[in-house]
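Participant: Here you go, this is structure-v9.cif (mmCIF, C-alpha atoms and all ligand atoms).
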```cif
data_coords
loop_
_atom_site.label_atom_id
_atom_site.label_comp_id
_atom_site.auth_asym_id
_atom_site.auth_seq_id
_atom_site.Cartn_x
_atom_site.Cartn_y
_atom_site.Cartn_z
CA MET N 1 101.21 89.19 184.86
CA VAL N 2 103.86 87.30 186.82
CA LEU N 3 103.17 86.42 190.43
CA ASP N 4 105.43 87.82 193.12
CA LYS N 5 108.04 85.55 194.62
CA PRO N 6 108.34 83.70 196.92
CA ILE N 7 105.43 81.66 195.67
CA CYS N 8 105.88 78.54 197.82
CA PHE N 9 105.40 78.86 201.50
CA MET N 10 104.67 75.35 202.65
CA VAL N 11 105.38 71.84 201.44
CA ASN N 12 103.96 68.39 201.95
CA ILE N 13 106.49 65.64 201.82
CA VAL N 14 105.46 62.71 199.66
CA SER N 15 107.56 59.91 198.33
CA VAL N 16 107.53 59.66 194.57
CA ASN N 17 110.54 57.76 193.37
CA LYS N 18 112.47 59.05 196.36
CA ILE N 19 111.62 62.57 195.34
CA THR N 20 110.17 65.07 196.95
CA VAL N 21 107.50 67.64 197.49
CA ILE N 22 104.14 68.88 196.38
CA LYS N 23 104.48 72.62 196.64
CA LYS N 24 101.70 74.66 198.14
CA PHE N 25 101.00 78.30 197.56
CA GLU N 26 99.82 81.28 199.49
CA TYR N 27 96.30 82.27 198.43
CA THR N 28 96.05 85.06 195.87
CA PRO N 29 92.78 86.08 194.17
CA ILE N 30 94.33 86.33 190.70
CA LEU N 31 92.79 83.86 188.25
CA GLY N 32 94.63 80.65 187.43
CA TRP N 33 94.63 78.99 184.02
CA SER N 34 93.09 75.57 183.65
CA THR N 35 92.15 73.71 180.51
CA SER N 36 88.46 73.71 181.53
CA ARG N 37 88.48 77.43 182.35
CA TYR N 38 90.04 78.42 179.04
CA ASP N 39 87.79 76.02 177.08
CA MET N 40 84.72 77.71 178.60
CA PHE N 41 86.22 81.14 177.87
CA LEU N 42 86.42 80.15 174.19
CA LEU N 43 83.04 78.41 174.13
CA CYS N 44 80.83 81.24 175.41
CA ARG N 45 81.93 84.37 177.28
CA ARG N 46 78.55 84.66 178.99
CA GLN N 47 78.75 81.10 180.29
CA TYR N 48 82.29 81.86 181.49
CA TYR N 49 80.97 84.94 183.30
CA TYR N 50 78.21 83.00 185.07
CA ASN N 51 80.56 80.19 185.99
CA TYR N 52 83.48 82.24 187.32
CA TYR N 53 82.02 85.68 188.14
CA GLY N 54 78.42 84.90 189.11
CA LYS N 55 78.68 86.87 192.34
CA HIS N 56 79.19 90.06 190.30
CA ASP N 57 76.03 89.62 188.23
CA PRO N 58 73.87 92.76 188.40
CA LEU N 59 70.62 90.96 187.48
CA TYR N 60 70.49 87.47 188.97
CA SER N 61 71.09 86.45 192.56
CA ARG N 62 74.19 84.52 193.49
CA GLN N 63 71.90 81.80 194.85
CA LYS N 64 70.21 81.36 191.44
CA ILE N 65 73.51 81.27 189.55
CA ASP N 66 75.01 78.82 192.04
CA GLU N 67 71.93 76.61 191.78
CA LEU N 68 72.40 76.39 187.99
CA LYS N 69 76.16 75.97 188.31
CA LYS N 70 75.63 72.90 190.48
CA LEU N 71 73.41 71.13 187.92
CA THR N 72 75.03 67.95 186.74
CA SER N 73 74.42 65.99 183.53
CA ILE N 74 74.20 62.31 182.64
CA PRO N 75 77.66 62.15 180.96
CA LEU N 76 79.21 64.11 183.84
CA GLU N 77 77.74 61.81 186.46
CA ILE N 78 78.85 58.67 184.59
CA GLY N 79 82.36 60.14 184.77
CA ASN N 80 82.03 61.12 188.44
CA VAL N 81 80.88 57.71 189.65
CA THR N 82 83.50 55.93 187.53
CA HIS N 83 86.33 58.16 188.80
CA ASP N 84 85.25 57.84 192.42
CA VAL N 85 84.95 54.06 192.20
CA ILE N 86 88.40 53.72 190.60
CA LYS N 87 89.75 55.82 193.46
CA VAL N 88 88.09 53.47 195.97
CA PHE N 89 89.51 50.48 194.04
CA LEU N 90 93.05 51.92 194.15
CA ASP N 91 92.71 52.94 197.81
CA ARG N 92 91.64 49.38 198.61
CA LEU N 93 94.75 48.04 196.86
CA LEU N 94 96.83 50.13 199.25
CA LYS N 95 95.29 48.21 202.14
CA SER N 96 94.75 44.79 200.62
CA GLU N 97 95.99 43.05 197.50
CA GLY N 98 93.36 40.31 197.80
CA LYS N 99 91.34 39.36 194.74
CA ILE N 100 88.35 41.54 193.94
CA ASP N 101 84.96 39.86 194.36
CA THR N 102 83.36 41.14 191.15
CA GLY N 103 79.79 40.57 192.30
CA ARG N 104 80.26 42.55 195.49
CA PHE N 105 82.25 45.19 193.65
CA PHE N 106 79.44 45.85 191.17
CA ASP N 107 76.81 45.78 193.96
CA TYR N 108 78.79 48.61 195.51
CA VAL N 109 78.96 50.43 192.15
CA ARG N 110 75.19 50.09 191.75
CA ARG N 111 74.61 51.58 195.22
CA LYS N 112 76.99 54.45 194.46
CA THR N 113 75.21 55.14 191.17
CA GLU N 114 71.84 55.30 192.94
CA GLU N 115 73.26 57.48 195.71
CA TYR N 116 74.79 59.98 193.25
CA CYS N 117 71.66 60.08 191.08
CA HIS N 118 69.41 60.76 194.06
CA ALA N 119 71.68 63.39 195.57
CA LYS N 120 72.05 65.57 192.47
CA ARG N 121 69.94 67.63 190.12
CA PHE N 122 70.37 66.76 186.47
CA MET N 123 70.11 69.48 183.83
CA GLU N 124 68.26 67.05 181.54
CA VAL N 125 65.45 66.86 184.12
CA TYR N 126 65.67 70.52 185.17
CA TYR N 127 65.19 71.63 181.56
CA ASP N 128 62.41 69.06 180.92
CA GLU N 129 64.30 67.03 178.30
CA ILE N 130 63.45 63.87 180.24
CA SER N 131 61.09 63.29 183.15
CA ASN N 132 63.48 61.30 185.32
CA ILE N 133 66.93 59.70 185.35
CA ASP N 134 67.14 56.12 184.18
CA ILE N 135 69.55 54.72 186.78
CA ASP N 136 69.78 51.37 184.93
CA GLU N 137 71.06 53.17 181.85
CA LEU N 138 73.72 55.07 183.80
CA PHE N 139 74.74 51.98 185.72
CA ALA N 140 75.14 49.96 182.49
CA LYS N 141 77.60 52.56 181.13
CA ILE N 142 79.50 52.81 184.41
CA GLN N 143 79.66 49.02 184.67
CA ASN N 144 80.95 48.81 181.10
CA SER N 145 83.70 51.38 181.82
CA LEU N 146 84.78 49.67 185.03
CA SER N 147 84.72 46.18 183.49
CA ASN N 148 86.90 47.45 180.64
CA PHE N 149 89.31 48.87 183.17
CA LEU N 150 89.41 45.74 185.35
CA ASN N 151 90.03 43.55 182.28
CA SER N 152 92.70 45.82 180.79
CA ASP N 153 96.41 45.03 180.58
CA ARG N 154 96.99 48.32 182.38
CA CYS N 155 94.99 47.17 185.41
CA ASN N 156 96.84 43.87 185.38
CA TRP N 157 100.17 45.74 185.23
CA LEU N 158 99.13 47.98 188.12
CA THR N 159 98.10 45.08 190.32
CA THR N 160 101.08 42.86 189.56
CA LYS N 161 104.11 45.10 188.93
CA VAL N 162 103.43 48.69 190.00
CA ILE N 163 101.86 47.61 193.26
CA SER N 164 105.29 46.75 194.69
CA ASN N 165 105.85 50.49 195.13
CA LYS N 166 102.32 51.34 196.24
CA GLN N 167 103.46 53.45 199.19
CA SER N 168 104.45 56.05 196.59
CA TRP N 169 101.10 56.20 194.77
CA LEU N 170 99.30 59.52 194.58
CA ILE N 171 95.60 58.84 194.08
CA GLU N 172 93.65 62.00 193.32
CA PRO N 173 95.82 64.23 195.47
CA SER N 174 93.74 66.71 197.46
CA GLY N 175 93.34 70.32 196.34
CA TYR N 176 92.84 71.67 192.87
CA GLY N 177 96.23 70.79 191.39
CA GLU N 178 97.61 74.31 191.70
CA THR N 179 100.95 74.87 190.06
CA ARG N 180 103.02 77.52 188.32
CA ILE N 181 103.67 77.48 184.59
CA ASP N 182 106.26 80.07 183.64
CA GLU N 183 105.46 81.70 187.01
CA MET N 184 101.76 82.01 186.18
CA LYS N 185 99.07 80.41 188.30
CA ALA N 186 97.59 77.28 186.76
CA TYR N 187 95.56 74.25 187.80
CA CYS N 188 96.22 70.74 186.46
CA LYS N 189 94.65 68.09 188.68
CA VAL N 190 95.91 64.57 188.09
CA ASP N 191 93.83 61.43 188.74
CA PHE N 192 96.60 58.98 189.52
CA LEU N 193 100.38 59.31 189.64
CA PHE N 194 102.97 56.71 190.54
CA PRO N 195 106.62 55.85 190.00
CA CYS N 196 107.73 52.79 188.08
CA ASP N 197 111.42 52.08 187.49
CA ASP N 198 112.94 55.51 186.87
CA ASP N 199 109.78 57.09 185.43
CA ILE N 200 106.70 58.79 186.80
CA TYR N 201 103.40 57.69 185.25
CA ILE N 202 100.26 59.80 185.26
CA ILE N 203 96.92 58.25 184.28
CA ASP N 204 93.74 60.17 183.57
CA TRP N 205 90.49 58.16 183.25
CA LYS N 206 87.98 59.21 180.60
CA THR N 207 84.45 57.98 180.08
CA GLY N 208 83.74 60.40 177.23
CA LYS N 209 84.81 60.52 173.60
CA ARG N 210 88.37 60.53 172.38
CA ASP N 211 89.57 64.06 171.62
CA GLU N 212 93.28 64.00 170.86
CA LYS N 213 93.85 67.75 170.56
CA LYS N 214 92.06 68.60 173.80
CA HIS N 215 93.51 65.67 175.72
CA LYS N 216 97.07 66.29 174.50
CA LYS N 217 96.83 69.73 176.07
CA GLN N 218 95.63 68.17 179.32
CA LEU N 219 98.57 65.75 179.27
CA LEU N 220 101.00 68.63 178.73
CA GLY N 221 99.43 70.25 181.81
CA TYR N 222 99.94 67.11 183.89
CA VAL N 223 103.57 66.77 182.81
CA SER N 224 104.18 70.46 183.57
CA TRP N 225 102.57 69.96 186.99
CA ALA N 226 104.69 66.90 187.82
CA ALA N 227 107.91 68.37 186.38
CA TYR N 228 107.38 71.48 188.53
CA HIS N 229 106.42 69.73 191.76
CA PHE N 230 108.85 66.81 191.57
CA GLU N 231 111.61 68.66 189.70
CA LYS N 232 111.76 65.83 187.22
CA ASP N 233 112.91 65.80 183.58
CA PRO N 234 109.69 65.81 181.46
CA VAL N 235 111.13 62.94 179.40
CA LYS N 236 110.88 60.76 182.50
CA ILE N 237 107.19 61.57 183.00
CA ILE N 238 104.78 59.37 181.06
CA PRO N 239 101.24 60.74 180.79
CA ILE N 240 98.41 58.48 179.68
CA ILE N 241 94.77 59.09 178.90
CA ALA N 242 92.82 55.87 179.57
CA TYR N 243 89.57 55.81 177.58
CA LEU N 244 87.24 53.43 179.36
CA GLN N 245 84.48 53.12 176.80
CA PRO N 246 83.24 51.80 174.45
CA SER N 247 86.39 49.67 174.88
CA TYR N 248 89.62 50.24 176.79
CA GLU N 249 92.09 52.31 174.79
CA GLU N 250 94.98 54.55 175.70
CA MET N 251 96.63 57.69 174.41
CA LYS N 252 100.18 57.74 175.71
CA MET N 253 102.51 60.61 174.88
CA ASN N 254 106.10 61.67 175.43
CA PHE N 255 107.18 65.25 175.89
CA ASN N 256 110.53 66.92 176.41
CA GLU N 257 111.58 70.28 177.81
CA TYR N 258 110.94 72.03 174.46
CA ASP N 259 107.31 70.83 174.42
CA ILE N 260 106.91 72.07 177.99
CA GLN N 261 108.45 75.47 177.18
CA ASP N 262 106.23 75.80 174.11
CA PHE N 263 103.20 74.84 176.22
CA ALA N 264 104.14 77.53 178.77
CA ILE N 265 104.13 80.18 176.01
CA HIS N 266 100.57 79.13 175.03
CA ILE N 267 99.40 79.13 178.65
CA LYS N 268 100.80 82.62 179.12
CA GLU N 269 98.94 83.87 176.01
CA GLU N 270 95.70 82.17 177.07
CA THR N 271 95.97 83.54 180.62
CA GLU N 272 96.54 87.04 179.26
CA GLU N 273 93.45 86.68 177.08
CA MET N 274 91.45 85.88 180.21
CA TYR N 275 93.09 88.79 182.07
CA SER N 276 91.87 91.09 179.26
CA VAL N 277 88.27 90.82 180.54
CA CYS N 278 89.24 91.74 184.12
CA SER N 279 88.91 95.31 185.32
CA ASN N 280 91.28 94.46 188.16
CA ILE N 281 93.63 91.59 187.34
CA GLU N 282 95.20 91.09 190.78
CA GLU N 283 91.80 90.96 192.49
CA ASN N 284 90.19 89.04 189.60
CA ILE N 285 87.31 91.49 189.19
CA PRO N 286 85.53 91.16 185.83
CA GLU N 287 84.69 93.91 183.39
CA ASP N 288 80.98 94.72 182.99
CA LYS N 289 78.76 91.79 182.11
CA GLU N 290 78.13 93.23 178.59
CA ARG N 291 81.73 92.44 177.69
CA PHE N 292 80.89 88.77 178.19
CA THR N 293 78.85 88.23 175.04
CA LYS N 294 76.55 85.31 174.39
CA THR N 295 77.72 82.75 171.87
CA THR N 296 76.10 82.89 168.44
CA ASN N 297 76.40 79.11 168.16
CA THR N 298 73.08 78.15 169.72
CA LYS N 299 73.90 74.43 169.62
CA ILE N 300 76.20 75.10 172.59
CA CYS N 301 73.23 76.53 174.53
CA ASN N 302 71.50 73.12 174.43
CA TYR N 303 74.16 71.79 176.83
CA CYS N 304 74.55 74.88 179.00
CA ASN N 305 73.62 75.01 182.69
CA TYR N 306 72.65 78.68 182.43
CA ARG N 307 70.27 78.56 179.43
CA GLU N 308 67.36 79.69 181.64
CA LEU N 309 69.13 83.04 182.13
CA CYS N 310 69.63 83.62 178.40
CA ARG N 311 66.10 83.11 177.19
S1 LIG B 401 72.73 79.61 177.17
FE1 LIG B 401 74.10 79.89 175.43
S2 LIG B 401 74.55 82.06 175.37
FE2 LIG B 401 73.69 81.65 177.38
S3 LIG B 401 75.45 81.30 178.69
FE3 LIG B 401 74.80 79.34 177.92
S4 LIG B 401 76.02 78.93 176.09
FE4 LIG B 401 76.14 81.11 176.57
#
```
Represent the supplied structure as structure tokens.
Facilitator:
Amino acid sequence: MVLDKPICFMVNIVSVNKITVIKKFEYTPILGWSTSRYDMFLLCRRQYYYNYYGKHDPLYSRQKIDELKKLTSIPLEIGNVTHDVIKVFLDRLLKSEGKIDTGRFFDYVRRKTEEYCHAKRFMEVYYDEISNIDIDELFAKIQNSLSNFLNSDRCNWLTTKVISNKQSWLIEPSGYGETRIDEMKAYCKVDFLFPCDDDIYIIDWKTGKRDEKKHKKQLLGYVSWAAYHFEKDPVKIIPIIAYLQPSYEEMKMNFNEYDIQDFAIHIKEETEEMYSVCSNIEENIPEDKERFTKTTNTKICNYCNYRELCR
């Protein structure tokens, strides 16, 4: 299913290495590929149904499904706080290059951790695995991730060399990272993108475990996104996964146009697989719920937001 042209109707001008535009797209209801969407599609069709088609459920109210969808988890929240604080750190660098006061910085991080923990419902508490969230434990992990980042060579490089071109930084650009891969709708949201010399760098922060296969696919998505929006040779786009714990490590890859073309073929196949459970592809209406079978791997259910609905 190829989207009709023209697909771009509006642009935002940004300066990335003297290039160019982030393209925006007219809204269409058709589903868009993303690595998280397809991963859930593979993991459990029923979970995928609740997550993306909850409003069509014949049994449970939309309110109930949305309530479960919004549940967070301890690992997710460690990642959320860490990402948001790094964004604040980078935004601050845009305004001031003064030295960070570490004590005040981590006081702020502690307050953010408390704020996030109090504002959200955790699935571990909702499903009675624990009675309450241990904020000290979360804060210790977040502090460890951020300390590793602040002490890394990468952070030093950003604050000494890359900062000279900070007016061109893109820090968590707004929106969902919509793009087109081989004319199909896709979402690849980057954390941080910036030019250095003649290259574009993209960094994605991770507080979870290293997973080379999964993260390589994410990096291919980021390079496809940047190559499309900035019309840049993929060889000149350097994507990096920055693992923040237990110690700072990176996975840096290089791709060329053949990797990107090969990736597009996979994305097309995966998108068509997801189309196959739609009764109306253009409107993104799902087939009957029965087509979305429950996983037989019950270990997955132990980490699922919707387990209450499957009992
Ligand atoms: S509880 Fe298990 S079967 Fe039910 S939606 Fe979640 S992962 Fe799928």
Participant: Identify, on the basis of only C-alpha atoms, every residue whose closest approach to Cys155 in chain N does not exceed 12 Å; exclude the query and any residue fewer than 6 positions from it along the same chain; express the result as a ChimeraX atom specification.
Facilitator: /N:86,89-90,93,146-149,161-163,203,242,244,248
Participant: Which residues are near Ala264 in chain N? Cut-off 8 Å, all atoms listed in the file, ignore same chain within fewer than 4 positions. Put them as a list in words.
Facilitator: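 Here the answer would be Ile181, Asp182, Ile260 and Lys268 of chain N.
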Participant: Which chains and residue numbers are within 10 Å of ligand LIG 401 (chain B), counting all atoms listed in the file, if I want them as a ChimeraX atom specification?
Facilitator: /N:40,43-51,292-311
Participant: Any idea what the distance is between CA of Pro29 in chain N and CA of Ile281 in chain N?
Facilitator: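 Answer for the CA of Pro29 in chain N to CA of Ile281 in chain N separation: 8.8 Å.
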Participant: Please indicate the distance in Å from CA of Arg104 in chain N to CA of Asn151 in chain N, rounded to one decimal place.
Facilitator: 16.5 Å
Participant: In Å, how far is it from CA of Ile238 in chain N to CA of Val190 in chain N?
Facilitator: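 Going from CA of Ile238 in chain N over to CA of Val190 in chain N, I get 12.5 Å.
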Participant: If you keep C-alpha atoms, can you output range 166-238 of chain N as a JSON list (two decimals), in the first residue's frame?
Facilitator:
```json
[["chain", "number", "residue", "atom", "x", "y", "z"],
["N", 166, "LYS", "CA", 24.77, 24.32, 18.93],
["N", 167, "GLN", "CA", 22.32, 26.48, 16.99],
["N", 168, "SER", "CA", 21.90, 23.46, 14.69],
["N", 169, "TRP", "CA", 21.12, 20.91, 17.42],
["N", 170, "LEU", "CA", 17.83, 19.05, 17.25],
["N", 171, "ILE", "CA", 16.94, 17.88, 20.75],
["N", 172, "GLU", "CA", 13.96, 15.53, 20.77],
["N", 173, "PRO", "CA", 12.23, 17.20, 17.85],
["N", 174, "SER", "CA", 8.49, 17.53, 18.45],
["N", 175, "GLY", "CA", 6.01, 15.10, 16.90],
["N", 176, "TYR", "CA", 6.30, 11.38, 16.49],
["N", 177, "GLY", "CA", 9.15, 11.26, 13.97],
["N", 178, "GLU", "CA", 6.90, 10.61, 10.99],
["N", 179, "THR", "CA", 8.67, 9.82, 7.78],
["N", 180, "ARG", "CA", 8.32, 7.83, 4.57],
["N", 181, "ILE", "CA", 10.31, 4.69, 3.89],
["N", 182, "ASP", "CA", 9.87, 3.57, 0.29],
["N", 183, "GLU", "CA", 6.73, 5.77, 0.28],
["N", 184, "MET", "CA", 5.23, 3.95, 3.26],
["N", 185, "LYS", "CA", 4.32, 5.72, 6.48],
["N", 186, "ALA", "CA", 6.79, 5.10, 9.29],
["N", 187, "TYR", "CA", 7.78, 6.62, 12.63],
["N", 188, "CYS", "CA", 11.40, 6.88, 13.80],
["N", 189, "LYS", "CA", 11.76, 9.42, 16.60],
["N", 190, "VAL", "CA", 15.32, 10.52, 17.30],
["N", 191, "ASP", "CA", 16.54, 11.70, 20.73],
["N", 192, "PHE", "CA", 19.32, 14.02, 19.64],
["N", 193, "LEU", "CA", 20.69, 14.99, 16.24],
["N", 194, "PHE", "CA", 23.45, 17.43, 15.38],
["N", 195, "PRO", "CA", 25.98, 18.21, 12.67],
["N", 196, "CYS", "CA", 29.70, 17.92, 13.21],
["N", 197, "ASP", "CA", 32.16, 18.61, 10.39],
["N", 198, "ASP", "CA", 30.45, 17.20, 7.30],
["N", 199, "ASP", "CA", 28.47, 14.51, 9.14],
["N", 200, "ILE", "CA", 25.17, 14.31, 10.97],
["N", 201, "TYR", "CA", 25.25, 12.46, 14.29],
["N", 202, "ILE", "CA", 22.22, 10.87, 15.90],
["N", 203, "ILE", "CA", 22.37, 9.69, 19.52],
["N", 204, "ASP", "CA", 19.79, 7.53, 21.23],
["N", 205, "TRP", "CA", 20.06, 7.12, 25.04],
["N", 206, "LYS", "CA", 19.33, 3.72, 26.55],
["N", 207, "THR", "CA", 18.95, 2.77, 30.19],
["N", 208, "GLY", "CA", 18.03, -0.84, 29.43],
["N", 209, "LYS", "CA", 20.04, -3.84, 28.31],
["N", 210, "ARG", "CA", 22.16, -4.00, 25.21],
["N", 211, "ASP", "CA", 20.29, -5.67, 22.32],
["N", 212, "GLU", "CA", 22.32, -5.35, 19.14],
["N", 213, "LYS", "CA", 19.79, -6.85, 16.72],
["N", 214, "LYS", "CA", 16.89, -4.73, 17.95],
["N", 215, "HIS", "CA", 18.94, -1.56, 18.29],
["N", 216, "LYS", "CA", 20.59, -1.95, 14.87],
["N", 217, "LYS", "CA", 17.11, -1.87, 13.38],
["N", 218, "GLN", "CA", 16.33, 1.29, 15.34],
["N", 219, "LEU", "CA", 19.53, 2.90, 14.06],
["N", 220, "LEU", "CA", 18.62, 2.00, 10.47],
["N", 221, "GLY", "CA", 15.28, 3.74, 11.11],
["N", 222, "TYR", "CA", 17.01, 6.89, 12.37],
["N", 223, "VAL", "CA", 19.37, 7.00, 9.39],
["N", 224, "SER", "CA", 16.43, 6.48, 7.00],
["N", 225, "TRP", "CA", 14.58, 9.30, 8.78],
["N", 226, "ALA", "CA", 17.52, 11.71, 8.57],
["N", 227, "ALA", "CA", 18.45, 10.74, 5.00],
["N", 228, "TYR", "CA", 14.84, 11.38, 3.94],
["N", 229, "HIS", "CA", 14.32, 14.66, 5.80],
["N", 230, "PHE", "CA", 17.75, 16.19, 5.20],
["N", 231, "GLU", "CA", 18.38, 14.56, 1.81],
["N", 232, "LYS", "CA", 21.75, 13.42, 3.03],
["N", 233, "ASP", "CA", 23.91, 10.49, 1.91],
["N", 234, "PRO", "CA", 23.43, 7.75, 4.58],
["N", 235, "VAL", "CA", 27.22, 7.33, 4.73],
["N", 236, "LYS", "CA", 27.41, 10.84, 6.19],
["N", 237, "ILE", "CA", 24.92, 10.02, 8.96],
["N", 238, "ILE", "CA", 26.44, 8.46, 12.07]]
```
